[in-house]
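What follows is one structure encoded as structure tokens, with my remarks underneath.
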Amino acid sequence: MNFNIFCSRLKLLRTENNLTLVQLGNNVGATKATISNLENGNKKPSLEIILAIAGYFNVSLDYLTGRKDNPNISNNNEEPSITHEESELLEDFRLLNKYEQNIIMGKISEMIYNKSLERENQEVAEEFLDITHNNRLNK
């Protein structure tokens, strides 16, 4: 972790979001003094506070700790972070019991399988039409 980058990004995120030291502290479970000491480099952050800050501002840990310059949360394939709608779906999914979650997962798998079958059928139909068209041209 690049400690200096962490300090500057913490302050930048706080000021860009028009938060006081007290407001940010309240939102991440820290005191005004702790946030001030973190921003000024007088205190090294705990993993708990780093996670809380990243979660609050919805930025990646890599961005907050200076490993990457892109603040967006993404997986290793650099895909974009999840949308608001996807986040709401995940929250709803977590409200279900395991049995209900398994039903949903089964339906998703079924839909993906059917979609791949549709693609394969489309490819076969297009190939058939090409063969038929070529046969007519050759006659």
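Letters A, B, ... mark the chains of the structure tokens in the order given; residue numbers begin at 1 per chain; ligand numbers begin at 1, in order shown.
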Exercise: Ile49 of chain A partners within 12 Å, only C-alpha atoms, chain neighbours under 3 positions left out, as a list of chain:residue names: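 Residues meeting the cut-off are A:Phe6, A:Leu10, A:Leu24, A:Gly25, A:Asn26, A:Asn27, A:Val28, A:Gly29, A:Ala30, A:Thr31, A:Thr34, A:Ile35, A:Leu38, A:Lys43, A:Lys44, A:Pro45, A:Ser46, A:Ala52, A:Ile53, A:Ala54, A:Gly55, A:Tyr56, A:Leu61, A:Leu64, A:Thr65.
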Picked from segment 35-117 of chain A by DSSP as alpha helix (DSSP H), as a PyMOL selection string: chain A and resi 35-39+47-57+61-64+84-95+98-117
Atom CA of Val59 of chain A to atom CA of Asn40 of chain A, distance in Å rounded to a single decimal: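 Answer for the atom CA of Val59 of chain A to atom CA of Asn40 of chain A separation: 20.3 Å.
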Long-range neighbours of segment 91-95 of chain A as a list in words, 10 Å cut-off, only C-alpha atoms, 6 positions minimum in chain: Glu85, Gln101, Ile104 and Met105 of chain A
Counting only C-alpha atoms, the residue of A:Leu51, A:Glu100, A:Gly41, A:Lys32 that sits nearest Tyr63 of chain A: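 Looking at the shortest contact to Tyr63 of chain A, the residue is A:Leu51.
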